[in-house]
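Participant: So I've got this file, entry_24.cif, and it contains mmCIF, C-alpha atoms and all ligand atoms:
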data_data
loop_
_atom_site.label_atom_id
_atom_site.label_comp_id
_atom_site.auth_asym_id
_atom_site.auth_seq_id
_atom_site.Cartn_x
_atom_site.Cartn_y
_atom_site.Cartn_z
CA MET A 551 115.12 93.68 94.02
CA GLY A 552 112.76 91.86 96.40
CA ALA A 553 115.47 89.71 97.95
CA GLU A 554 117.45 92.76 98.96
CA LEU A 555 114.59 94.01 101.04
CA VAL A 556 113.37 90.86 102.70
CA GLY A 557 114.22 90.75 106.37
CA VAL A 558 114.80 94.46 106.71
CA GLU A 559 111.13 95.20 106.22
CA LYS A 560 110.07 92.19 108.24
CA GLN A 561 111.64 93.75 111.33
CA HIS A 562 109.57 96.85 110.96
CA SER A 563 106.29 95.71 109.56
CA VAL A 564 105.09 92.24 110.26
CA ALA A 565 101.44 92.90 109.44
CA PHE A 566 102.17 94.96 106.34
CA ASP A 567 103.93 92.69 103.87
CA VAL A 568 105.65 95.28 101.70
CA ASN A 569 107.85 92.77 99.90
CA SER A 570 104.87 90.87 98.63
CA LEU A 571 103.02 94.07 97.68
CA ARG A 572 106.01 95.24 95.65
CA ARG A 573 105.63 92.23 93.40
CA ASP A 574 102.29 93.65 92.25
CA PHE A 575 104.12 96.60 90.65
CA PRO A 576 106.20 95.47 87.67
CA ALA A 577 107.84 98.88 87.14
CA LEU A 578 109.48 98.71 90.57
CA ASP A 579 111.43 95.63 89.57
CA GLN A 580 114.08 97.19 87.31
CA LYS A 581 117.52 98.68 87.40
CA VAL A 582 118.26 102.33 86.66
CA SER A 583 121.87 103.42 86.22
CA GLY A 584 122.83 99.84 87.04
CA ARG A 585 121.18 99.83 90.46
CA PRO A 586 117.76 98.67 91.68
CA LEU A 587 115.28 101.48 91.11
CA VAL A 588 114.20 103.46 94.16
CA TYR A 589 110.97 105.19 93.18
CA PHE A 590 110.36 108.25 95.34
CA ASP A 591 108.28 110.31 92.91
CA ASN A 592 104.89 109.02 93.99
CA ALA A 593 103.39 112.46 94.56
CA ALA A 594 103.91 113.22 90.87
CA SER A 595 102.59 109.85 89.74
CA ALA A 596 102.43 106.54 91.57
CA GLN A 597 103.16 103.18 89.97
CA THR A 598 100.47 100.87 88.61
CA PRO A 599 99.72 97.37 89.94
CA LEU A 600 99.20 94.45 87.56
CA CYS A 601 95.48 94.20 88.36
CA VAL A 602 94.96 97.68 86.90
CA LEU A 603 96.90 96.84 83.74
CA GLU A 604 94.90 93.62 83.39
CA ALA A 605 91.53 95.36 83.85
CA MET A 606 92.37 97.83 81.09
CA GLU A 607 93.69 95.13 78.80
CA ARG A 608 90.55 93.05 79.37
CA PHE A 609 88.44 96.00 78.25
CA TYR A 610 90.49 96.45 75.07
CA ARG A 611 90.62 92.72 74.32
CA GLU A 612 87.03 91.75 75.09
CA ASP A 613 84.62 94.64 75.63
CA ARG A 614 86.08 97.43 73.52
CA SER A 615 83.20 99.64 72.29
CA ASN A 616 81.56 102.90 73.27
CA VAL A 617 79.50 103.43 76.42
CA HIS A 618 75.91 104.58 76.93
CA ARG A 619 74.96 104.32 73.27
CA GLY A 620 74.83 100.77 72.01
CA VAL A 621 72.20 98.08 72.36
CA HIS A 622 74.75 95.48 71.30
CA THR A 623 76.45 93.19 73.79
CA LEU A 624 79.92 94.74 73.75
CA SER A 625 78.57 98.23 74.38
CA GLN A 626 76.42 96.91 77.19
CA ARG A 627 79.40 95.15 78.76
CA ALA A 628 81.56 98.27 78.38
CA THR A 629 78.83 100.45 79.90
CA ALA A 630 78.35 98.06 82.82
CA ALA A 631 82.11 97.93 83.54
CA TYR A 632 82.40 101.71 83.25
CA GLU A 633 79.36 102.56 85.37
CA ALA A 634 80.37 100.02 88.03
CA VAL A 635 83.23 102.38 88.89
CA ARG A 636 80.94 105.24 89.95
CA PRO A 637 79.67 103.49 93.11
CA LYS A 638 83.25 102.40 93.86
CA ILE A 639 84.34 106.05 93.90
CA GLN A 640 81.24 106.95 95.90
CA ARG A 641 82.31 104.44 98.59
CA PHE A 642 85.96 105.47 98.35
CA LEU A 643 85.04 109.09 99.10
CA GLY A 644 82.13 108.43 101.45
CA ALA A 645 79.63 110.25 99.22
CA GLU A 646 75.92 109.72 99.79
CA ARG A 647 74.90 109.12 96.18
CA GLU A 648 76.67 107.79 93.13
CA GLN A 649 75.12 110.62 91.10
CA GLU A 650 77.44 112.93 93.04
CA ILE A 651 80.47 111.43 91.26
CA VAL A 652 81.56 113.03 87.97
CA PHE A 653 84.30 111.36 85.93
CA THR A 654 86.97 113.83 84.87
CA ARG A 655 90.44 113.80 83.30
CA GLY A 656 91.93 114.38 86.75
CA THR A 657 92.14 116.91 89.54
CA THR A 658 93.01 119.81 87.24
CA ASP A 659 90.00 119.09 85.06
CA ALA A 660 87.73 118.77 88.10
CA ILE A 661 88.79 122.13 89.55
CA ASN A 662 88.43 123.81 86.16
CA LEU A 663 84.96 122.29 85.89
CA VAL A 664 83.85 123.82 89.20
CA ALA A 665 85.49 127.18 88.46
CA ALA A 666 83.94 127.38 84.99
CA THR A 667 80.43 126.34 86.09
CA TYR A 668 79.78 127.03 89.78
CA GLY A 669 82.34 129.85 89.86
CA ARG A 670 81.21 131.58 86.70
CA LYS A 671 77.57 131.37 87.77
CA ASN A 672 77.97 132.44 91.38
CA LEU A 673 80.82 134.95 91.45
CA GLY A 674 80.35 138.66 90.84
CA PRO A 675 82.16 141.96 91.48
CA GLY A 676 83.29 142.25 95.09
CA ASP A 677 83.03 138.51 95.78
CA GLU A 678 86.06 136.60 96.97
CA VAL A 679 87.60 133.18 96.41
CA LEU A 680 89.80 132.18 99.35
CA ILE A 681 92.74 129.85 98.72
CA THR A 682 96.03 129.27 100.59
CA THR A 683 99.72 129.89 99.96
CA MET A 684 100.38 126.16 99.58
CA GLU A 685 98.13 125.53 96.57
CA HIS A 686 99.21 123.69 93.43
CA HIS A 687 98.92 125.86 90.31
CA SER A 688 95.85 123.87 89.34
CA ASN A 689 94.07 125.23 92.42
CA ILE A 690 95.24 128.79 91.74
CA VAL A 691 95.04 129.49 88.03
CA PRO A 692 91.41 128.36 87.37
CA TRP A 693 90.24 130.63 90.23
CA GLN A 694 92.41 133.49 89.02
CA MET A 695 90.85 133.15 85.55
CA VAL A 696 87.25 133.11 86.76
CA CYS A 697 87.87 135.93 89.27
CA LYS A 698 89.28 138.08 86.48
CA GLU A 699 86.32 137.34 84.26
CA ARG A 700 83.71 137.99 86.96
CA GLY A 701 85.36 140.96 88.72
CA ALA A 702 85.91 138.89 91.87
CA LYS A 703 89.02 138.84 94.05
CA LEU A 704 91.42 135.99 94.82
CA VAL A 705 92.40 136.08 98.50
CA VAL A 706 95.28 134.00 99.89
CA ALA A 707 95.47 132.70 103.46
CA PRO A 708 99.08 132.59 104.71
CA ILE A 709 101.07 129.72 106.21
CA ASN A 710 103.71 129.62 108.95
CA ASP A 711 107.36 128.57 108.63
CA ALA A 712 106.47 124.93 109.26
CA GLY A 713 104.09 125.01 106.30
CA GLU A 714 100.86 125.01 108.33
CA LEU A 715 97.90 127.18 107.54
CA GLU A 716 97.65 130.17 109.93
CA MET A 717 94.17 129.43 111.19
CA ASP A 718 93.64 132.78 112.92
CA ARG A 719 94.35 134.60 109.68
CA PHE A 720 92.18 132.14 107.77
CA ARG A 721 89.25 132.90 110.12
CA GLU A 722 89.75 136.64 109.62
CA LEU A 723 89.95 136.33 105.84
CA CYS A 724 86.90 134.08 105.52
CA GLY A 725 84.05 136.58 105.67
CA GLU A 726 80.78 137.55 104.07
CA ARG A 727 82.42 138.33 100.73
CA THR A 728 83.91 134.83 100.56
CA LYS A 729 81.89 132.73 98.15
CA ILE A 730 84.28 129.84 97.56
CA VAL A 731 87.06 128.36 99.71
CA ALA A 732 89.39 126.14 97.69
CA LEU A 733 92.37 124.39 99.23
CA ALA A 734 94.51 121.29 99.21
CA HIS A 735 93.56 118.52 101.61
CA VAL A 736 97.28 117.63 101.52
CA SER A 737 100.03 119.86 100.10
CA ASN A 738 102.04 118.24 97.32
CA ALA A 739 105.20 120.23 98.05
CA LEU A 740 105.12 120.10 101.88
CA GLY A 741 103.01 117.11 102.84
CA THR A 742 100.96 119.28 105.21
CA VAL A 743 97.53 117.85 106.03
CA ASN A 744 95.09 120.71 106.41
CA PRO A 745 92.37 120.68 109.10
CA VAL A 746 89.67 120.40 106.47
CA GLU A 747 86.73 119.70 108.79
CA GLU A 748 87.38 122.84 110.80
CA ILE A 749 88.00 124.85 107.64
CA THR A 750 84.73 123.61 106.16
CA ARG A 751 82.82 124.64 109.29
CA ILE A 752 84.35 128.14 109.20
CA ALA A 753 83.61 128.49 105.48
CA HIS A 754 80.03 127.29 105.82
CA ASP A 755 79.44 129.69 108.74
CA ALA A 756 80.55 132.46 106.38
CA GLY A 757 78.17 131.19 103.69
CA ALA A 758 80.91 129.91 101.34
CA VAL A 759 81.17 126.55 99.59
CA VAL A 760 84.33 124.44 99.99
CA LEU A 761 86.31 122.67 97.29
CA LEU A 762 89.05 120.32 98.46
CA ASP A 763 91.89 119.40 96.15
CA GLY A 764 92.41 115.80 97.19
CA ALA A 765 95.13 114.96 94.65
CA GLN A 766 97.68 114.19 97.37
CA ALA A 767 95.29 112.97 100.03
CA ALA A 768 93.40 110.18 98.30
CA ALA A 769 96.30 107.69 98.33
CA HIS A 770 97.39 108.45 101.88
CA LEU A 771 94.33 109.23 104.01
CA GLU A 772 90.90 107.70 104.46
CA VAL A 773 88.67 110.33 102.87
CA ASP A 774 85.06 110.79 103.93
CA VAL A 775 83.40 113.77 102.29
CA SER A 776 80.24 113.29 104.37
CA GLU A 777 82.26 113.57 107.58
CA ILE A 778 84.33 116.48 106.31
CA GLY A 779 81.17 118.20 105.07
CA CYS A 780 82.90 119.73 102.01
CA ASP A 781 80.92 120.60 98.88
CA PHE A 782 83.38 119.48 96.21
CA TYR A 783 86.29 117.03 96.31
CA ALA A 784 88.69 116.33 93.42
CA PHE A 785 91.29 113.62 92.91
CA SER A 786 93.38 112.00 90.14
CA GLY A 787 93.59 108.34 89.14
CA HIS A 788 97.34 108.28 88.53
CA LYS A 789 98.13 109.29 92.11
CA VAL A 790 96.04 106.43 93.54
CA PHE A 791 97.85 103.74 91.52
CA GLY A 792 95.43 104.01 88.61
CA PRO A 793 95.96 105.19 85.03
CA THR A 794 96.69 108.72 83.86
CA GLY A 795 94.07 110.91 82.20
CA VAL A 796 91.27 110.06 84.59
CA GLY A 797 89.98 111.26 87.94
CA ALA A 798 86.79 112.26 89.64
CA LEU A 799 84.93 115.14 91.14
CA TYR A 800 82.55 114.72 94.05
CA GLY A 801 79.93 117.45 94.21
CA ARG A 802 76.99 117.80 96.59
CA TYR A 803 74.00 116.84 94.46
CA ALA A 804 71.99 120.01 95.12
CA LEU A 805 74.94 122.08 93.93
CA LEU A 806 75.62 119.94 90.85
CA GLU A 807 71.93 120.13 89.95
CA ALA A 808 72.02 123.93 89.94
CA MET A 809 75.23 124.15 87.90
CA PRO A 810 75.29 124.83 84.15
CA PRO A 811 77.14 122.34 81.89
CA TYR A 812 80.92 122.44 81.55
CA GLN A 813 81.26 121.38 77.91
CA GLY A 814 78.62 120.73 75.27
CA GLY A 815 78.41 117.57 73.18
CA GLY A 816 77.16 114.02 73.13
CA ASP A 817 76.00 112.26 76.28
CA MET A 818 75.31 115.44 78.30
CA ILE A 819 71.93 116.28 76.78
CA ARG A 820 68.30 115.41 77.32
CA ARG A 821 66.99 116.82 74.01
CA VAL A 822 68.61 118.81 71.22
CA THR A 823 66.92 120.96 68.57
CA PHE A 824 68.58 123.69 66.53
CA GLU A 825 66.70 126.23 68.62
CA GLU A 826 67.44 124.88 72.04
CA THR A 827 69.04 122.12 74.07
CA THR A 828 68.00 120.76 77.43
CA TYR A 829 70.61 119.10 79.56
CA ALA A 830 70.90 115.77 81.31
CA ASP A 831 70.86 115.53 85.09
CA PRO A 832 74.17 115.26 86.95
CA PRO A 833 76.57 113.58 86.64
CA MET A 834 75.99 113.09 82.88
CA ARG A 835 75.51 116.85 82.40
CA PHE A 836 79.24 117.24 83.06
CA GLU A 837 80.50 114.32 80.98
CA ALA A 838 80.31 115.43 77.34
CA GLY A 839 81.82 113.17 74.69
CA THR A 840 83.35 109.70 74.71
CA PRO A 841 85.20 109.34 78.00
CA ASN A 842 88.48 107.58 78.74
CA ILE A 843 86.63 104.29 79.24
CA ALA A 844 89.63 102.02 79.80
CA ALA A 845 91.11 104.47 82.29
CA VAL A 846 87.87 104.67 84.29
CA ILE A 847 87.82 100.87 84.43
CA GLY A 848 91.49 100.88 85.48
CA LEU A 849 90.72 103.42 88.20
CA GLY A 850 88.02 101.11 89.52
CA ALA A 851 90.56 98.28 89.70
CA ALA A 852 93.03 100.57 91.51
CA LEU A 853 90.43 101.49 94.13
CA ASP A 854 89.60 97.79 94.63
CA TYR A 855 93.31 97.14 95.07
CA LEU A 856 93.69 99.96 97.61
CA ARG A 857 90.66 98.72 99.50
CA GLY A 858 92.21 95.26 99.61
CA ILE A 859 95.36 96.64 101.22
CA GLY A 860 93.42 99.03 103.44
CA VAL A 861 94.15 102.74 103.21
CA ALA A 862 94.48 102.90 107.00
CA ALA A 863 97.08 100.08 107.07
CA ALA A 864 99.03 101.71 104.24
CA ALA A 865 98.86 105.08 106.00
CA ALA A 866 100.18 103.61 109.26
CA TYR A 867 103.10 101.98 107.41
CA GLU A 868 103.86 105.19 105.51
CA ALA A 869 103.74 107.28 108.70
CA GLU A 870 106.46 105.11 110.20
CA LEU A 871 108.51 105.40 107.02
CA LEU A 872 108.08 109.19 106.94
CA SER A 873 109.19 109.47 110.52
CA TYR A 874 112.29 107.35 109.80
CA GLY A 875 113.08 109.39 106.68
CA THR A 876 112.64 112.67 108.53
CA GLN A 877 115.10 111.62 111.25
CA ARG A 878 117.66 110.40 108.74
CA LEU A 879 117.45 113.52 106.56
CA ARG A 880 117.65 115.82 109.61
CA ASP A 881 121.08 114.32 110.35
CA ILE A 882 122.52 115.34 106.98
CA GLU A 883 124.68 118.43 107.33
CA GLY A 884 123.51 121.39 105.25
CA LEU A 885 120.12 119.87 104.45
CA ARG A 886 117.00 121.89 105.28
CA LEU A 887 113.59 120.29 105.25
CA ILE A 888 110.88 122.47 103.72
CA GLY A 889 107.58 121.54 105.32
CA THR A 890 107.68 120.36 108.91
CA ALA A 891 103.99 120.50 109.79
CA ARG A 892 102.78 118.51 112.81
CA GLU A 893 100.13 116.90 110.61
CA LYS A 894 101.97 115.62 107.59
CA VAL A 895 102.05 112.69 105.17
CA SER A 896 104.35 111.13 102.61
CA VAL A 897 106.52 114.06 101.48
CA LEU A 898 110.16 114.88 102.24
CA SER A 899 110.92 118.19 100.53
CA PHE A 900 114.33 119.73 101.07
CA VAL A 901 117.12 122.00 99.91
CA MET A 902 120.86 121.54 100.42
CA GLU A 903 123.53 124.17 100.89
CA GLY A 904 125.48 124.77 97.71
CA ALA A 905 123.51 122.33 95.53
CA HIS A 906 120.63 123.21 93.23
CA ALA A 907 117.60 120.92 93.45
CA HIS A 908 118.18 119.82 89.85
CA ASP A 909 121.77 118.80 90.66
CA ILE A 910 120.45 116.76 93.57
CA GLY A 911 117.87 115.12 91.27
CA THR A 912 120.49 114.30 88.63
CA ILE A 913 123.04 112.86 91.06
CA LEU A 914 120.37 110.72 92.70
CA ASP A 915 119.18 109.50 89.30
CA ASP A 916 122.74 108.37 88.59
CA GLN A 917 122.28 106.10 91.58
CA GLY A 918 118.90 104.80 90.46
CA ILE A 919 116.89 107.00 92.81
CA ALA A 920 113.92 108.90 91.34
CA VAL A 921 112.98 112.12 93.12
CA ARG A 922 111.30 115.25 91.83
CA ALA A 923 113.29 118.46 91.58
CA GLY A 924 111.67 121.79 90.83
CA HIS A 925 108.91 124.11 91.98
CA HIS A 926 106.32 121.31 92.06
CA CYS A 927 103.76 123.58 90.35
CA THR A 928 103.74 125.69 93.52
CA GLN A 929 105.76 128.76 92.56
CA PRO A 930 104.05 131.09 95.09
CA LEU A 931 104.86 128.56 97.82
CA MET A 932 108.53 128.46 96.75
CA ASP A 933 108.53 132.28 96.94
CA ARG A 934 107.10 132.06 100.47
CA PHE A 935 110.06 129.90 101.53
CA GLY A 936 112.55 131.99 99.55
CA VAL A 937 113.78 129.07 97.42
CA PRO A 938 113.56 128.59 93.65
CA ALA A 939 112.99 124.87 93.93
CA THR A 940 113.25 121.90 96.25
CA ALA A 941 114.12 118.25 95.85
CA ARG A 942 111.22 116.06 96.92
CA ALA A 943 111.14 112.42 97.89
CA SER A 944 107.50 111.32 98.08
CA LEU A 945 106.58 107.98 99.58
CA ALA A 946 104.09 105.24 98.85
CA PHE A 947 103.24 102.07 100.78
CA TYR A 948 105.63 100.04 98.60
CA ASN A 949 108.68 102.03 99.69
CA THR A 950 111.01 100.73 102.36
CA ARG A 951 113.47 101.82 105.03
CA GLN A 952 116.24 100.36 102.97
CA GLU A 953 115.28 102.69 100.14
CA ILE A 954 115.44 105.64 102.55
CA ASP A 955 118.95 104.47 103.46
CA ARG A 956 119.83 104.51 99.74
CA LEU A 957 118.50 108.08 99.54
CA VAL A 958 120.63 109.14 102.49
CA GLU A 959 123.69 107.53 100.88
CA GLY A 960 122.93 109.44 97.68
CA LEU A 961 122.55 112.72 99.55
CA GLU A 962 125.86 112.17 101.32
CA MET A 963 127.37 111.88 97.85
CA VAL A 964 125.72 115.21 96.88
CA ARG A 965 127.17 116.77 100.03
CA SER A 966 130.64 115.49 99.26
CA LEU A 967 130.42 117.02 95.76
CA PHE A 968 128.80 120.35 96.66
CA GLY A 969 129.16 120.81 100.43
N1 LIG B 1 96.71 119.36 93.12
C1 LIG B 1 97.76 118.82 93.75
C2 LIG B 1 97.95 119.07 95.22
C3 LIG B 1 98.66 118.05 93.04
O1 LIG B 1 99.72 117.51 93.65
C4 LIG B 1 98.45 117.84 91.65
C5 LIG B 1 99.43 117.08 90.84
O2 LIG B 1 100.58 117.00 91.15
C6 LIG B 1 97.33 118.41 91.06
C7 LIG B 1 96.49 119.16 91.83
C8 LIG B 1 97.04 118.22 89.62
O3 LIG B 1 96.73 116.90 89.36
P1 LIG B 1 96.57 116.38 87.85
O4 LIG B 1 97.81 116.81 87.14
O5 LIG B 1 96.46 114.90 88.01
O6 LIG B 1 95.33 117.00 87.31
#
Mind turning the file's structure into C-alpha cells?
Facilitator:
Amino acid sequence: MGAELVGVEKQHSVAFDVNSLRRDFPALDQKVSGRPLVYFDNAASAQTPLCVLEAMERFYREDRSNVHRGVHTLSQRATAAYEAVRPKIQRFLGAEREQEIVFTRGTTDAINLVAATYGRKNLGPGDEVLITTMEHHSNIVPWQMVCKERGAKLVVAPINDAGELEMDRFRELCGERTKIVALAHVSNALGTVNPVEEITRIAHDAGAVVLLDGAQAAAHLEVDVSEIGCDFYAFSGHKVFGPTGVGALYGRYALLEAMPPYQGGGDMIRRVTFEETTYADPPMRFEAGTPNIAAVIGLGAALDYLRGIGVAAAAAYEAELLSYGTQRLRDIEGLRLIGTAREKVSVLSFVMEGAHAHDIGTILDDQGIAVRAGHHCTQPLMDRFGVPATARASLAFYNTRQEIDRLVEGLEMVRSLFG
C-alpha cells in the first residue's frame, strides 16, 4: 500500500513522514474486499506498532512469570519491566508522582473504580454528579449506578448544535450540591475538545472533584494533568496504539489515599487475618490480583513509540487531515456532519439522507474502508441530535489525504445508491 501513498503525502507533510510510520503497523498493510485497507476506526481501537508486539512477545518468551511475588530472577525481571511503565505513564500524563498512577483494564474500569470507591464514600442524598450530554456510556452508567445507590442525583449539562458544551449552563448547574464533575476531555462521537482547565476551575470553586475521561484525548492531545488541575484522569491502552485490556487511572495522591479499596484480593493488602485486613497504600490498594502484565508492558512500549513521534507533531498532522476531510465531506450532497465544534480533533461523524449509518458502513467495507456505524455508546447524545446512529471516520497519524479521497469516493457511491 505504501507505494500508492508516496508523493501524495510528501506534498503535504515533509516533516511528518507518514509513509515510513505506516510501515510500523503491520495490520495497515493488507487488502480488504480486494482493495488496500483504509482504517478509519481509530476512535474505537487504534492499530498496534511492531515495537508493542515485540515487547509483549519478549515478556512471554523470556520473562514470563508473576509480578511482585517472586524472589527468582524471572519474577524480578517481570516486576521490573511492569513497574517501569508506571513512571512512563506519570510522564505521559504530567502527574507529580508515580504513585498516582493505577493500572486498570481501561477507561471503563478506571471510571467504575472511582465511582465505586470515591463516589460511594463521598456521595449522599441530595448530592449531585454533573456530567454532560456528550458522555460515552462508560461515563454515564457507573455514575447512574452509584447515584441510585447513594440517593444522589445525576445532572447533565447540555450542548449546543455544534456539539460544544454550553458553558453558561454548566456554570449554573455546577453548584454547592455538586460533588463530582465527570466529563470527556474529547468526545468520541463528535470530536469536541472540552475546555477542561476552565471546567476544572469552575468545579473546584464549587467544591467538586473532577474526573476526566481521556479515552479519546490521550492519542491526540498533549495531556498534562498538573496543568489542567483535574483530580482523576482515565485512558485506555488500545486507543493509544497499545494492547487491549489495559489502561490507567491518574488520581491525586491525597484523594487516592483516602479512598477505600475497589476489589479485595492478593497484592492490595498490608496484612490479612481472619478478623481484619489492612490495605496497601495507593496505587497497590487498587490493583488486586494478577494484572495483565504483558499488556502493561505493551502499553509502556506504545507510550515510548508515541513519545518518539511526538504527540504534538502527530496532532498537527492530524489537524491538517481533519480540516481536509471536513472540507471534502461538506461538499457531498445530502451529507450532514454531526459535531462541528470549533475545538475538535480526529472525528468525522455524519449522516446521509436516505441511507442508514449501517448501510454506509457496509458499502464502505465493500471498498476496503473501515468506519464505525452506530450510536458509539452515546445513545443520549444521538437523541440530542435526533438521529439513531451516525457513521464515523476517526483519524490517526498514519492516515492520509489519499485515504480521505477513497472515503469520499465511497460516499459518492452510497449517494448514488441511496440519494
Ligand atoms: N470513553 C470514551 C470517550 C470512549 O471513546 C471510550 C471507548 O470508546 C470509553 C470511554 C471506554 O473505553 P474502554 O472501552 O477502553 O474502557
Participant: Which residues are near ligand LIG 1 (chain B) - at most 6 Å, using all atoms listed in the file? Format: as a list in words.
Facilitator: Ala594, Gly656, Thr657, Thr658, His686, Ser688, Ala734, Ser737, Asn738, Asp763, Ala765, Gln766 and Ser786 of chain A
Participant: Show me, as number ranges by chain, the residues that have an atom within 9 Å of A:Leu587 when counting only C-alpha atoms, minus same-chain residues fewer than 4 positions from it.
Facilitator: A: 551, 577-583, 917-920
Participant: Looking at A:Ala605, A:Gly779, A:Leu733, A:Asp955, which one is nearest to A:Ile690, with distances taken over all atoms listed in the file?
Facilitator: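 Selected residue with least distance to A:Ile690: A:Leu733.
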Participant: Once you count all atoms listed in the file, what closest atom pair and distance in Å to one decimal does each residue of stretch 605-709 of chain A within 9 Å of stretch 841-858 of chain A have, with rows by chain and rising residue number, as JSON lines?
Facilitator:
{"residue": "A:Ala605", "atom": "CA", "partner": "A:Gly848", "partner_atom": "CA", "distance": 5.8}
{"residue": "A:Met606", "atom": "CA", "partner": "A:Ala844", "partner_atom": "CA", "distance": 5.2}
{"residue": "A:Glu607", "atom": "CA", "partner": "A:Ala844", "partner_atom": "CA", "distance": 8.1}
{"residue": "A:Phe609", "atom": "CA", "partner": "A:Ala844", "partner_atom": "CA", "distance": 6.3}
{"residue": "A:Tyr610", "atom": "CA", "partner": "A:Ala844", "partner_atom": "CA", "distance": 7.4}
{"residue": "A:Arg614", "atom": "CA", "partner": "A:Ala844", "partner_atom": "CA", "distance": 8.6}
{"residue": "A:Asn616", "atom": "CA", "partner": "A:Ile843", "partner_atom": "CA", "distance": 8.0}
{"residue": "A:Val617", "atom": "CA", "partner": "A:Ile843", "partner_atom": "CA", "distance": 7.7}
{"residue": "A:Ala628", "atom": "CA", "partner": "A:Ile843", "partner_atom": "CA", "distance": 7.9}
{"residue": "A:Thr629", "atom": "CA", "partner": "A:Ile843", "partner_atom": "CA", "distance": 8.7}
{"residue": "A:Ala631", "atom": "CA", "partner": "A:Ile847", "partner_atom": "CA", "distance": 6.5}
{"residue": "A:Tyr632", "atom": "CA", "partner": "A:Ile847", "partner_atom": "CA", "distance": 5.6}
{"residue": "A:Glu633", "atom": "CA", "partner": "A:Ile847", "partner_atom": "CA", "distance": 8.7}
{"residue": "A:Ala634", "atom": "CA", "partner": "A:Gly850", "partner_atom": "CA", "distance": 7.9}
{"residue": "A:Val635", "atom": "CA", "partner": "A:Gly850", "partner_atom": "CA", "distance": 5.0}
{"residue": "A:Arg636", "atom": "CA", "partner": "A:Gly850", "partner_atom": "CA", "distance": 8.2}
{"residue": "A:Lys638", "atom": "CA", "partner": "A:Gly850", "partner_atom": "CA", "distance": 6.6}
{"residue": "A:Ile639", "atom": "CA", "partner": "A:Gly850", "partner_atom": "CA", "distance": 7.6}
{"residue": "A:Phe642", "atom": "CA", "partner": "A:Leu853", "partner_atom": "CA", "distance": 7.3}
{"residue": "A:Phe653", "atom": "CA", "partner": "A:Val846", "partner_atom": "CA", "distance": 7.8}
{"residue": "A:Thr654", "atom": "CA", "partner": "A:Pro841", "partner_atom": "CA", "distance": 8.4}
{"residue": "A:Arg655", "atom": "CA", "partner": "A:Asn842", "partner_atom": "CA", "distance": 8.0}
Participant: Here is a test: counting only C-alpha atoms, which residue of A:Leu663, A:Val621, A:Ala907, A:Leu715 is nearest to A:Leu806?
Facilitator: A:Leu663
Participant: Using all atoms listed in the file for the distances, tell me which of A:Arg727, A:Met818, A:Ala923, A:Ala798 is nearest to A:His908.
Facilitator: A:Ala923
